[in-house]
Amino acid sequence: MRVIGGKAKGRKLKRVPGDSTRPIMDRVKESLFNILGDVSGQRWLDLFAGTGQVGIEALSRGAAEVVFVDKLRPAILTIQDNLRHTQLGKGAEVRQMDAFACLQQPPTRPFDLIYIAPPQYKGFWLEALKLVDARPLALLKPQGMVVVQIDPKEKQPVELTHLCLVDERRYGNTLLCFYELGEIGD
């Protein structure tokens, strides 16, 4: 597990002790950032952040700010260690809190990208996605995107009011689903 691009390229990242997290594989992370393209200056929300590697990759590639959210203390300590090791603490905000509570708070300003990678097989991705869909303009910039990382077996139809599935990519037992804002009526 390492940073694969940007100014911290090649730096190894620590894992969260135990088996409470499922880090994204480097090849999936590389594909994700190839799809997203330039993230310079963007503001990200990394929910269920685990090791923090997706948000750290964004910071390494020029994101201006990443808010990391995880409720588990070992994950928070790992994120902090990984930020120190990569020297990417500037622009990082680490919050130990429940992801759903975070989505219900008013953000200081909306995000360019919200990354949702919760524990598997609990339906948390649906709950988080629906919370974003309920307050899209508070949480997401008009050209913003939500990316959900799940096991393909978890995929199911979801009725959303404001978010639209625009792409999905499968990499073995990882599915990335990309959502953007549709038309928002008055």
# chains A, B, ... in the order shown; residues from 1 in each chain; ligands from 1
>>> select_by_dssp(residues="range 75-175 of chain A", states="strand (DSSP E or B)", output="ChimeraX atom specification")
/A:92-96,111-116,140-150,163-171,174-175
>>> write_last_selection(atoms="N, CA and C atoms", output="tab-separated table (two decimals), in the first residue's frame")
chain	number	residue	atom	x	y	z
A	92	ALA	N	-5.26	18.89	5.25
A	92	ALA	CA	-5.99	17.72	5.76
A	92	ALA	C	-6.70	18.07	7.06
A	93	GLU	N	-7.93	17.61	7.16
A	93	GLU	CA	-8.69	17.72	8.41
A	93	GLU	C	-9.17	16.31	8.75
A	94	VAL	N	-8.81	15.84	9.93
A	94	VAL	CA	-9.15	14.48	10.35
A	94	VAL	C	-10.19	14.55	11.45
A	95	ARG	N	-11.34	13.92	11.21
A	95	ARG	CA	-12.45	13.96	12.18
A	95	ARG	C	-12.80	12.54	12.63
A	96	GLN	N	-12.76	12.32	13.93
A	96	GLN	CA	-13.26	11.05	14.46
A	96	GLN	C	-14.74	11.24	14.76
A	111	PHE	N	-18.27	20.14	-1.37
A	111	PHE	CA	-17.12	19.37	-1.81
A	111	PHE	C	-17.15	19.16	-3.32
A	112	ASP	N	-15.97	19.02	-3.90
A	112	ASP	CA	-15.84	18.63	-5.31
A	112	ASP	C	-16.08	17.13	-5.46
A	113	LEU	N	-15.63	16.36	-4.45
A	113	LEU	CA	-15.79	14.91	-4.52
A	113	LEU	C	-16.03	14.35	-3.13
A	114	ILE	N	-17.00	13.46	-3.04
A	114	ILE	CA	-17.27	12.71	-1.81
A	114	ILE	C	-16.99	11.25	-2.11
A	115	TYR	N	-16.07	10.66	-1.35
A	115	TYR	CA	-15.68	9.26	-1.54
A	115	TYR	C	-16.28	8.44	-0.41
A	116	ILE	N	-17.08	7.44	-0.76
A	116	ILE	CA	-17.79	6.60	0.22
A	116	ILE	C	-17.29	5.17	0.06
A	140	LEU	N	-22.34	19.12	-2.08
A	140	LEU	CA	-21.63	18.89	-3.34
A	140	LEU	C	-21.69	20.12	-4.24
A	141	LYS	N	-20.55	20.46	-4.84
A	141	LYS	CA	-20.54	21.55	-5.81
A	141	LYS	C	-21.34	21.12	-7.04
A	142	PRO	N	-21.87	22.07	-7.82
A	142	PRO	CA	-22.71	21.71	-8.98
A	142	PRO	C	-22.05	20.72	-9.95
A	143	GLN	N	-20.75	20.80	-10.16
A	143	GLN	CA	-20.06	19.85	-11.04
A	143	GLN	C	-19.39	18.73	-10.25
A	144	GLY	N	-19.78	18.59	-8.98
A	144	GLY	CA	-19.16	17.60	-8.10
A	144	GLY	C	-19.55	16.17	-8.41
A	145	MET	N	-18.89	15.27	-7.71
A	145	MET	CA	-19.11	13.84	-7.95
A	145	MET	C	-19.06	13.08	-6.63
A	146	VAL	N	-19.83	12.01	-6.57
A	146	VAL	CA	-19.78	11.06	-5.46
A	146	VAL	C	-19.26	9.75	-6.04
A	147	VAL	N	-18.26	9.17	-5.39
A	147	VAL	CA	-17.74	7.88	-5.81
A	147	VAL	C	-17.97	6.90	-4.66
A	148	VAL	N	-18.60	5.78	-4.98
A	148	VAL	CA	-18.88	4.74	-3.99
A	148	VAL	C	-18.03	3.52	-4.32
A	149	GLN	N	-17.34	2.99	-3.31
A	149	GLN	CA	-16.55	1.77	-3.47
A	149	GLN	C	-17.22	0.66	-2.68
A	150	ILE	N	-17.68	-0.37	-3.41
A	150	ILE	CA	-18.36	-1.50	-2.76
A	150	ILE	C	-17.92	-2.80	-3.41
A	163	LEU	N	-29.09	12.73	-7.53
A	163	LEU	CA	-27.87	12.11	-8.03
A	163	LEU	C	-28.19	11.09	-9.11
A	164	CYS	N	-27.32	11.02	-10.11
A	164	CYS	CA	-27.49	10.07	-11.21
A	164	CYS	C	-26.22	9.23	-11.34
A	165	LEU	N	-26.39	7.93	-11.49
A	165	LEU	CA	-25.25	7.04	-11.76
A	165	LEU	C	-24.79	7.32	-13.18
A	166	VAL	N	-23.53	7.74	-13.33
A	166	VAL	CA	-23.01	8.08	-14.66
A	166	VAL	C	-21.98	7.07	-15.17
A	167	ASP	N	-21.43	6.25	-14.27
A	167	ASP	CA	-20.44	5.26	-14.68
A	167	ASP	C	-20.24	4.28	-13.55
A	168	GLU	N	-19.83	3.10	-13.90
A	168	GLU	CA	-19.38	2.14	-12.89
A	168	GLU	C	-18.30	1.29	-13.51
A	169	ARG	N	-17.32	0.94	-12.67
A	169	ARG	CA	-16.18	0.15	-13.12
A	169	ARG	C	-15.92	-0.96	-12.11
A	170	ARG	N	-15.73	-2.16	-12.65
A	170	ARG	CA	-15.46	-3.31	-11.78
A	170	ARG	C	-14.01	-3.74	-11.94
A	171	TYR	N	-13.38	-3.96	-10.79
A	171	TYR	CA	-12.00	-4.45	-10.73
A	171	TYR	C	-12.00	-5.62	-9.76
A	174	THR	N	-14.00	-5.39	-6.45
A	174	THR	CA	-14.23	-3.97	-6.12
A	174	THR	C	-15.04	-3.33	-7.25
A	175	LEU	N	-16.10	-2.65	-6.88
A	175	LEU	CA	-16.92	-1.91	-7.83
A	175	LEU	C	-16.88	-0.44	-7.44
>>> closest_residue(among="A:Thr86, A:Ser40, A:Thr78, A:Ser31", to="Arg15 in chain A", atoms="only C-alpha atoms")
A:Thr78
>>> atom_distance(atom1="CA of Gly50 in chain A", atom2="CA of His162 in chain A")
27.7 Å
>>> closest_residue(among="A:Leu88, A:Leu45, A:Leu176, A:Leu83", to="Phe68 in chain A", atoms="only C-alpha atoms")
A:Leu45
>>> select_by_dssp(residues="chain A", states="helix (DSSP H, G or I)", output="ChimeraX atom specification")
/A:6-8,26-36,53-60,73-86,99-104,124-134,136-139,152-154
